[in-house]
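> Take a look at data_10.tsv, TSV, C-alpha atoms and all ligand atoms:
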```
chain	number	residue	atom	x	y	z
A	1	MET	CA	12.21	-7.44	5.97
A	2	ARG	CA	10.01	-10.49	6.25
A	3	VAL	CA	6.33	-10.41	5.26
A	4	ASP	CA	3.94	-13.26	6.04
A	5	ILE	CA	0.58	-13.21	4.27
A	6	LEU	CA	-2.31	-15.43	5.39
A	7	THR	CA	-4.96	-16.05	2.77
A	8	LEU	CA	-7.39	-18.64	1.45
A	9	PHE	CA	-6.22	-17.82	-2.08
A	10	PRO	CA	-2.41	-17.99	-2.23
A	11	GLN	CA	-2.50	-18.27	-6.03
A	12	MET	CA	-3.74	-14.68	-6.25
A	13	PHE	CA	-0.24	-13.55	-5.23
A	14	ASP	CA	1.74	-15.43	-7.90
A	15	GLY	CA	2.02	-12.69	-10.52
A	16	PHE	CA	2.28	-9.94	-7.96
A	17	LEU	CA	5.26	-11.54	-6.23
A	18	SER	CA	7.22	-12.40	-9.34
A	19	ALA	CA	6.98	-9.24	-11.46
A	20	SER	CA	8.47	-5.77	-11.47
A	21	ILE	CA	9.88	-4.08	-8.36
A	22	ILE	CA	8.57	-6.70	-5.89
A	23	GLY	CA	9.95	-9.56	-7.99
A	24	ARG	CA	13.33	-7.88	-8.21
A	25	ALA	CA	13.41	-7.03	-4.48
A	26	ARG	CA	12.72	-10.69	-3.66
A	27	GLU	CA	15.38	-11.94	-6.09
A	28	ARG	CA	17.87	-9.62	-4.46
A	29	GLN	CA	16.76	-10.87	-1.03
A	30	LEU	CA	15.80	-7.40	0.14
A	31	VAL	CA	12.48	-8.83	1.27
A	32	ASP	CA	11.31	-12.33	2.18
A	33	ILE	CA	7.59	-12.66	1.40
A	34	ARG	CA	5.83	-15.88	2.38
A	35	VAL	CA	2.24	-16.69	1.49
A	36	HIS	CA	0.42	-19.18	3.73
A	37	ASN	CA	-2.85	-20.93	3.04
A	38	ILE	CA	-5.14	-20.55	6.05
A	39	ARG	CA	-6.78	-23.84	5.07
A	40	ASP	CA	-3.51	-25.66	5.86
A	41	TYR	CA	-4.13	-24.80	9.52
A	42	ALA	CA	-7.68	-26.17	9.67
A	43	ARG	CA	-7.58	-29.35	11.73
A	44	ASP	CA	-10.82	-31.16	10.94
A	45	LYS	CA	-10.92	-33.67	8.12
A	46	HIS	CA	-12.83	-31.33	5.79
A	47	ARG	CA	-10.35	-28.55	6.49
A	48	THR	CA	-13.19	-26.17	7.32
A	49	VAL	CA	-12.30	-22.50	7.38
A	50	ASP	CA	-15.71	-20.86	7.59
A	51	ASP	CA	-19.11	-21.32	9.20
A	52	TYR	CA	-22.54	-19.73	9.46
A	53	PRO	CA	-22.83	-16.48	11.42
A	54	TYR	CA	-24.25	-16.74	14.92
A	55	GLY	CA	-27.50	-14.85	15.01
A	56	GLY	CA	-28.24	-15.67	11.37
A	57	GLY	CA	-27.80	-13.62	8.23
A	58	ALA	CA	-26.35	-14.16	4.77
A	59	GLY	CA	-22.90	-15.51	3.98
A	60	MET	CA	-20.18	-17.28	5.87
A	61	VAL	CA	-17.74	-16.08	8.50
A	62	LEU	CA	-14.08	-17.13	8.72
A	63	LYS	CA	-13.53	-19.27	11.80
A	64	PRO	CA	-11.03	-18.11	14.40
A	65	GLU	CA	-9.12	-21.39	15.02
A	66	PRO	CA	-7.22	-21.76	11.71
A	67	ILE	CA	-6.25	-18.07	11.75
A	68	PHE	CA	-5.03	-18.10	15.36
A	69	GLU	CA	-3.10	-21.33	14.76
A	70	ALA	CA	-1.55	-20.05	11.54
A	71	VAL	CA	-0.41	-16.81	13.15
A	72	GLU	CA	0.95	-18.59	16.23
A	73	ALA	CA	2.85	-21.19	14.16
A	74	ILE	CA	4.42	-18.53	11.93
A	75	LYS	CA	5.20	-16.23	14.85
A	76	SER	CA	7.06	-19.00	16.64
A	77	GLU	CA	9.52	-19.09	13.71
A	78	LEU	CA	10.30	-15.38	13.95
A	79	TYR	CA	13.04	-14.10	16.17
A	80	VAL	CA	11.39	-10.78	16.96
A	81	SER	CA	9.75	-9.53	20.13
A	82	PHE	CA	6.95	-7.67	18.33
A	83	VAL	CA	5.43	-8.25	14.93
A	84	PRO	CA	2.50	-6.15	13.68
A	85	ILE	CA	-0.40	-8.51	12.85
A	86	ILE	CA	-2.59	-6.62	10.44
A	87	LEU	CA	-6.10	-7.62	9.50
A	88	LEU	CA	-7.13	-6.21	6.11
A	89	THR	CA	-10.75	-5.14	6.46
A	90	PRO	CA	-12.97	-2.34	5.17
A	91	GLN	CA	-13.50	-1.50	8.85
A	92	GLY	CA	-9.85	-0.73	9.50
A	93	ARG	CA	-8.14	2.63	9.68
A	94	LEU	CA	-7.38	4.15	6.30
A	95	PHE	CA	-4.02	3.23	4.81
A	96	ASN	CA	-1.75	6.04	3.69
A	97	GLN	CA	1.89	6.84	2.93
A	98	GLU	CA	2.69	7.61	6.56
A	99	LEU	CA	1.41	4.18	7.62
A	100	ALA	CA	3.45	2.58	4.81
A	101	ARG	CA	6.51	4.39	6.12
A	102	GLN	CA	5.88	3.16	9.67
A	103	LEU	CA	5.40	-0.45	8.55
A	104	ALA	CA	8.62	-0.28	6.50
A	105	GLY	CA	10.45	0.27	9.80
A	106	PHE	CA	9.58	-3.21	11.15
A	107	SER	CA	11.78	-6.23	10.47
A	108	SER	CA	8.69	-8.40	10.12
A	109	ILE	CA	4.96	-7.88	9.46
A	110	MET	CA	2.01	-10.27	9.13
A	111	LEU	CA	-1.06	-9.64	7.00
A	112	ILE	CA	-4.34	-11.50	7.38
A	113	CYS	CA	-6.66	-11.39	4.38
A	114	GLY	CA	-10.34	-11.57	5.29
A	115	ARG	CA	-12.94	-13.10	2.95
A	116	TYR	CA	-16.61	-13.89	2.68
A	117	GLU	CA	-18.95	-11.88	4.90
A	118	GLY	CA	-16.30	-11.33	7.46
A	119	VAL	CA	-13.88	-12.74	10.00
A	120	ASP	CA	-14.85	-13.86	13.50
A	121	GLU	CA	-14.51	-10.72	15.61
A	122	ARG	CA	-12.16	-12.46	18.08
A	123	VAL	CA	-9.43	-12.27	15.42
A	124	ALA	CA	-9.67	-8.46	15.39
A	125	GLU	CA	-10.04	-8.29	19.14
A	126	TYR	CA	-7.46	-10.76	20.45
A	127	LEU	CA	-5.02	-11.51	17.62
A	128	ALA	CA	-4.60	-8.57	15.25
A	129	THR	CA	-2.58	-5.61	16.47
A	130	ASP	CA	-4.04	-3.38	13.76
A	131	GLU	CA	-6.87	-3.29	11.22
A	132	ILE	CA	-6.27	-1.56	7.91
A	133	SER	CA	-8.57	-0.56	5.05
A	134	ILE	CA	-7.18	0.62	1.72
A	135	GLY	CA	-10.19	2.79	0.95
A	136	ASP	CA	-13.88	3.34	1.36
A	137	TYR	CA	-15.02	0.68	-1.09
A	138	LEU	CA	-15.69	-3.01	-0.75
A	139	LEU	CA	-13.32	-5.61	-2.17
A	140	SER	CA	-14.17	-9.32	-2.33
A	141	GLY	CA	-11.44	-9.99	0.17
A	142	GLY	CA	-8.28	-8.64	1.74
A	143	GLU	CA	-5.90	-10.03	-0.90
A	144	VAL	CA	-5.87	-7.02	-3.21
A	145	ALA	CA	-5.59	-4.78	-0.13
A	146	ALA	CA	-2.62	-6.84	1.14
A	147	MET	CA	-0.92	-6.43	-2.24
A	148	ALA	CA	-1.40	-2.67	-2.07
A	149	VAL	CA	0.12	-2.57	1.42
A	150	VAL	CA	3.06	-4.84	0.51
A	151	ASP	CA	3.78	-2.90	-2.68
A	152	SER	CA	3.84	0.47	-0.96
A	153	VAL	CA	5.94	-0.82	1.96
A	154	VAL	CA	8.50	-2.80	-0.05
A	155	ARG	CA	9.31	0.10	-2.36
A	156	LEU	CA	10.35	2.08	0.73
A	157	LEU	CA	12.91	-0.52	1.86
A	158	PRO	CA	16.56	0.48	1.45
A	159	GLY	CA	17.99	-0.54	-1.91
A	160	VAL	CA	14.66	-1.57	-3.49
A	161	LEU	CA	14.32	1.42	-5.80
A	162	GLY	CA	17.24	2.31	-8.03
A	163	SER	CA	18.36	5.93	-8.09
A	164	GLU	CA	16.47	6.34	-11.36
A	165	GLU	CA	13.25	5.53	-9.50
A	166	SER	CA	13.94	7.90	-6.63
A	167	LEU	CA	11.28	8.39	-4.00
A	168	ASP	CA	11.77	12.10	-3.54
A	169	ASP	CA	9.39	13.49	-6.13
A	170	ASP	CA	6.73	10.78	-5.92
A	171	SER	CA	3.18	11.71	-5.18
A	172	HIS	CA	2.47	11.63	-1.45
A	173	THR	CA	6.13	11.41	-0.39
A	174	ARG	CA	5.83	14.97	0.90
A	175	GLY	CA	2.08	14.99	1.06
A	176	LEU	CA	1.82	16.64	-2.38
A	177	LEU	CA	0.83	15.16	-5.73
A	178	GLU	CA	3.55	14.73	-8.31
A	179	TYR	CA	4.04	17.18	-11.21
A	180	PRO	CA	3.10	16.03	-14.75
A	181	GLN	CA	5.70	13.97	-16.63
A	182	TYR	CA	6.36	13.89	-20.38
A	183	THR	CA	8.63	11.93	-22.70
A	184	ARG	CA	9.35	11.95	-26.42
A	185	PRO	CA	7.98	12.87	-28.92
A	186	ALA	CA	7.88	16.60	-28.12
A	187	VAL	CA	4.77	16.91	-30.30
A	188	TYR	CA	2.22	14.10	-30.45
A	189	ARG	CA	-0.96	14.54	-32.51
A	190	GLY	CA	-0.36	18.24	-32.28
A	191	TRP	CA	-0.16	18.20	-28.46
A	192	THR	CA	3.06	19.77	-27.28
A	193	VAL	CA	5.21	19.21	-24.23
A	194	PRO	CA	5.47	22.37	-22.06
A	195	SER	CA	8.33	24.36	-23.57
A	196	VAL	CA	10.09	24.91	-20.22
A	197	LEU	CA	10.91	21.18	-20.09
A	198	LEU	CA	12.80	21.46	-23.40
A	199	SER	CA	14.61	24.64	-22.36
A	200	GLY	CA	17.54	23.02	-20.55
A	201	ASP	CA	17.10	25.65	-17.81
A	202	HIS	CA	17.21	23.46	-14.69
A	203	GLY	CA	16.20	26.26	-12.35
A	204	ALA	CA	13.13	27.09	-14.44
A	205	ILE	CA	12.24	23.38	-14.73
A	206	ALA	CA	12.47	22.87	-10.96
A	207	LYS	CA	10.30	25.94	-10.35
A	208	TRP	CA	7.70	24.83	-12.93
A	209	ARG	CA	7.55	21.37	-11.38
A	210	ARG	CA	7.09	22.71	-7.88
A	211	GLN	CA	4.34	25.01	-9.10
A	212	GLN	CA	2.60	22.20	-10.95
A	213	SER	CA	2.80	19.93	-7.94
A	214	LEU	CA	1.33	22.62	-5.68
A	215	MET	CA	-1.37	23.58	-8.17
A	216	ARG	CA	-2.43	19.99	-8.80
A	217	THR	CA	-2.66	19.28	-5.12
A	218	ALA	CA	-4.63	22.48	-4.52
A	219	LYS	CA	-7.09	21.64	-7.29
A	220	ARG	CA	-7.44	17.88	-6.90
A	221	ARG	CA	-6.69	17.22	-3.25
A	222	PRO	CA	-7.18	20.38	-1.19
A	223	ASP	CA	-7.48	18.08	1.86
A	224	LEU	CA	-3.82	17.09	1.39
A	225	LEU	CA	-2.62	20.62	0.86
A	226	ALA	CA	-4.26	21.71	4.09
A	227	LYS	CA	-2.03	19.24	5.98
A	228	VAL	CA	1.31	20.26	4.44
A	229	ALA	CA	3.41	23.00	5.98
A	230	LEU	CA	4.30	25.12	2.94
A	231	SER	CA	7.42	27.25	2.93
A	232	ASP	CA	7.06	30.97	2.18
A	233	GLU	CA	8.59	30.28	-1.24
A	234	GLU	CA	5.94	27.62	-1.93
A	235	LYS	CA	3.12	29.93	-0.82
A	236	ARG	CA	4.47	32.54	-3.22
A	237	LEU	CA	4.71	30.01	-6.08
A	238	LEU	CA	1.16	28.88	-5.46
A	239	SER	CA	-0.32	32.37	-5.46
A	240	GLU	CA	1.73	33.15	-8.59
A	241	VAL	CA	0.20	30.25	-10.58
A	242	PHE	CA	-3.28	31.01	-9.34
A	243	GLN	CA	-2.98	34.63	-10.33
A	244	SER	CA	-1.72	33.71	-13.81
A	245	SER	CA	-4.49	31.11	-14.34
A	246	CYS	CA	-7.32	33.48	-13.30
B	1	LIG	N1	-11.51	-6.20	2.36
B	1	LIG	C1	-12.61	-5.84	1.67
B	1	LIG	N2	-12.58	-4.54	1.35
B	1	LIG	C2	-11.42	-4.03	1.86
B	1	LIG	C3	-10.83	-2.75	1.88
B	1	LIG	N3	-11.41	-1.70	1.29
B	1	LIG	N4	-9.64	-2.61	2.49
B	1	LIG	C4	-9.05	-3.66	3.10
B	1	LIG	N5	-9.57	-4.91	3.11
B	1	LIG	C5	-10.75	-5.10	2.50
```
Here is the file; what I need is its structure written in the form of structure tokens.
Ligand code: ADE


Amino acid sequence: MRVDILTLFPQMFDGFLSASIIGRARERQLVDIRVHNIRDYARDKHRTVDDYPYGGGAGMVLKPEPIFEAVEAIKSELYVSFVPIILLTPQGRLFNQELARQLAGFSSIMLICGRYEGVDERVAEYLATDEISIGDYLLSGGEVAAMAVVDSVVRLLPGVLGSEESLDDDSHTRGLLEYPQYTRPAVYRGWTVPSVLLSGDHGAIAKWRRQQSLMRTAKRRPDLLAKVALSDEEKRLLSEVFQSSC
């Protein structure tokens, strides 16, 4: 997959792109991530990327020309008929695992990071194919949001996660939160690991984990649980834990 990121602050991506799972995926050429400075596409001698808002008001607005020209120049290098052009903005639709999964299916995506008070609306209207927000809070710009999107998409690409980092049990993969995890020591400051995990009984461990996952989701994110189609077995497990905790 190829990912093109347009930003006024390319340096913000340095650590993100070189470390951990993303760094390894790039080294192994499972993903080609390119960061472009929007300022490089500004044509005037001051390389102006922003201007005052029409109608007045505080702050500056990103101009349309450098963004359109950047997107068009990059797009002309891609041999694909459709590339999602995503504007990161608090006004976009809320990002989630399902959206990450859909984006992971494209061979190429482009992300535009907004800044300042906003981006000229013509970018959203005539250039972007989608607007995405990573949550109902305000960031200083789209860069951190773009990193969140890239991270969640890249880890879904074939071969990126080793078998030891399997996707199956992760929170949100099935719309449920993950069960609690423990490692050694078995007793730390007097706090013990649940004895079932030390029992070696794989059936009992699997059942405990499923129950924990269901219970956590019910308690912390009832909105998620309401969307998941539970099997009869899962409904039984859930009522069993609730009865024993009451
Ligand atoms: N830019 C500023 N805040 C944002 C958010 N919550 N999501 C995406 N982009 C943003």

> How many Å lie between CA of Leu30 in chain A and CA of Ala104 in chain A, rounded to one decimal?

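One can read the CA of Leu30 in chain A to CA of Ala104 in chain A distance as 11.9 Å.
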
> With the cut-off set at 9 Å and counting all atoms listed in the file, tabulate each residue of chain A with an atom at most that distance from an atom of ligand LIG 1 (chain B), showing the nearest atom pair and its distance in Å to one decimal, ordered by chain and increasing number, as CSV.


```
residue,atom,partner,partner_atom,distance
A:Leu87,CA,B:LIG1,N5,7.8
A:Leu88,CA,B:LIG1,N5,4.1
A:Thr89,CA,B:LIG1,N5,3.6
A:Pro90,CA,B:LIG1,C3,3.9
A:Gln91,CA,B:LIG1,N4,7.5
A:Gly92,CA,B:LIG1,C4,7.1
A:Leu94,CA,B:LIG1,N4,8.1
A:Phe95,CA,B:LIG1,N4,8.4
A:Cys113,CA,B:LIG1,N5,7.2
A:Gly114,CA,B:LIG1,N1,6.2
A:Arg115,CA,B:LIG1,N1,7.1
A:Gly118,CA,B:LIG1,N1,8.7
A:Glu131,CA,B:LIG1,C4,8.4
A:Ile132,CA,B:LIG1,C4,5.9
A:Ser133,CA,B:LIG1,N4,3.4
A:Ile134,CA,B:LIG1,N4,4.1
A:Gly135,CA,B:LIG1,N3,4.7
A:Asp136,CA,B:LIG1,N3,5.6
A:Tyr137,CA,B:LIG1,N3,4.9
A:Leu138,CA,B:LIG1,N2,4.1
A:Leu139,CA,B:LIG1,N2,3.8
A:Ser140,CA,B:LIG1,C1,5.5
A:Gly141,CA,B:LIG1,N1,4.4
A:Gly142,CA,B:LIG1,N1,4.1
A:Glu143,CA,B:LIG1,N5,7.5
A:Val144,CA,B:LIG1,N5,7.6
A:Ala145,CA,B:LIG1,C4,4.9
A:Ala146,CA,B:LIG1,C4,7.4
```

> With only C-alpha atoms as the atoms that count, which of A:Val80, A:Ile33, A:Ser239, A:Tyr126 lies nearest to Phe16 in chain A?

A:Ile33

> Residues at most 12 Å from Thr173 in chain A, counting only C-alpha atoms, excluding those fewer than 2 positions away in the same chain, as a short mmCIF file (atom, residue, chain, number, x, y, z; two decimals) with C-alpha atoms, in the frame of the given file?


```
data_model
loop_
_atom_site.label_atom_id
_atom_site.label_comp_id
_atom_site.auth_asym_id
_atom_site.auth_seq_id
_atom_site.Cartn_x
_atom_site.Cartn_y
_atom_site.Cartn_z
CA ASN A 96 -1.75 6.04 3.69
CA GLN A 97 1.89 6.84 2.93
CA GLU A 98 2.69 7.61 6.56
CA LEU A 99 1.41 4.18 7.62
CA ALA A 100 3.45 2.58 4.81
CA ARG A 101 6.51 4.39 6.12
CA SER A 152 3.84 0.47 -0.96
CA ARG A 155 9.31 0.10 -2.36
CA LEU A 156 10.35 2.08 0.73
CA SER A 166 13.94 7.90 -6.63
CA LEU A 167 11.28 8.39 -4.00
CA ASP A 168 11.77 12.10 -3.54
CA ASP A 169 9.39 13.49 -6.13
CA ASP A 170 6.73 10.78 -5.92
CA SER A 171 3.18 11.71 -5.18
CA GLY A 175 2.08 14.99 1.06
CA LEU A 176 1.82 16.64 -2.38
CA LEU A 177 0.83 15.16 -5.73
CA GLU A 178 3.55 14.73 -8.31
CA SER A 213 2.80 19.93 -7.94
CA LEU A 224 -3.82 17.09 1.39
CA VAL A 228 1.31 20.26 4.44
#
```

> Please measure the separation of CA of Ile109 in chain A and CA of Ile86 in chain A, giving the value in Å to one decimal.

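So the two atoms, CA of Ile109 in chain A and CA of Ile86 in chain A, lie 7.7 Å apart.
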
> What gap, in Å, lies between CA of Asp151 in chain A and CA of Ile22 in chain A?

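CA of Asp151 in chain A sits 6.9 Å away from CA of Ile22 in chain A.
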
> Within 10 Å of Arg184 in chain A, counting all atoms listed in the file, which residues show up once you throw out same-chain ones fewer than 3 positions away? Write them as a PyMOL selection string, please.

chain A and resi 187-188+193

> Between A:Met110, A:Met215, A:Leu230, A:Val149, which is the closest to Thr129 in chain A once you count all atoms listed in the file?

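Answer, going by the shortest atom-to-atom distance: A:Met110.
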
> I'd like the box whose edges run along x, y and z of the file and which contains every listed atom of range 70-74 of chain A, padded by 4 Å per side; could you state its centre and edge lengths in Å, one decimal, as lines of an AutoDock Vina configuration file?


```
center_x = 1.4
center_y = -19.0
center_z = 13.9
size_x = 14.0
size_y = 12.4
size_z = 12.7
```

> Would you list the contacts of Ala186 in chain A as an NGL selection string, taking every protein, DNA or RNA residue within 12 Å and counting only C-alpha atoms, but skipping same-chain residues closer than 6 positions in sequence?

:A and (192-199)

> Using all atoms listed in the file, pick whichever of A:Arg221, A:Arg2, A:Lys235, A:Arg216 has the shortest atom-to-atom distance to Glu77 in chain A.

A:Arg2

> Find the residue from A:Ile21, A:Val154, A:Ile5, A:Ala218 that sits nearest to Gln102 in chain A; use all atoms listed in the file when measuring.

A:Val154
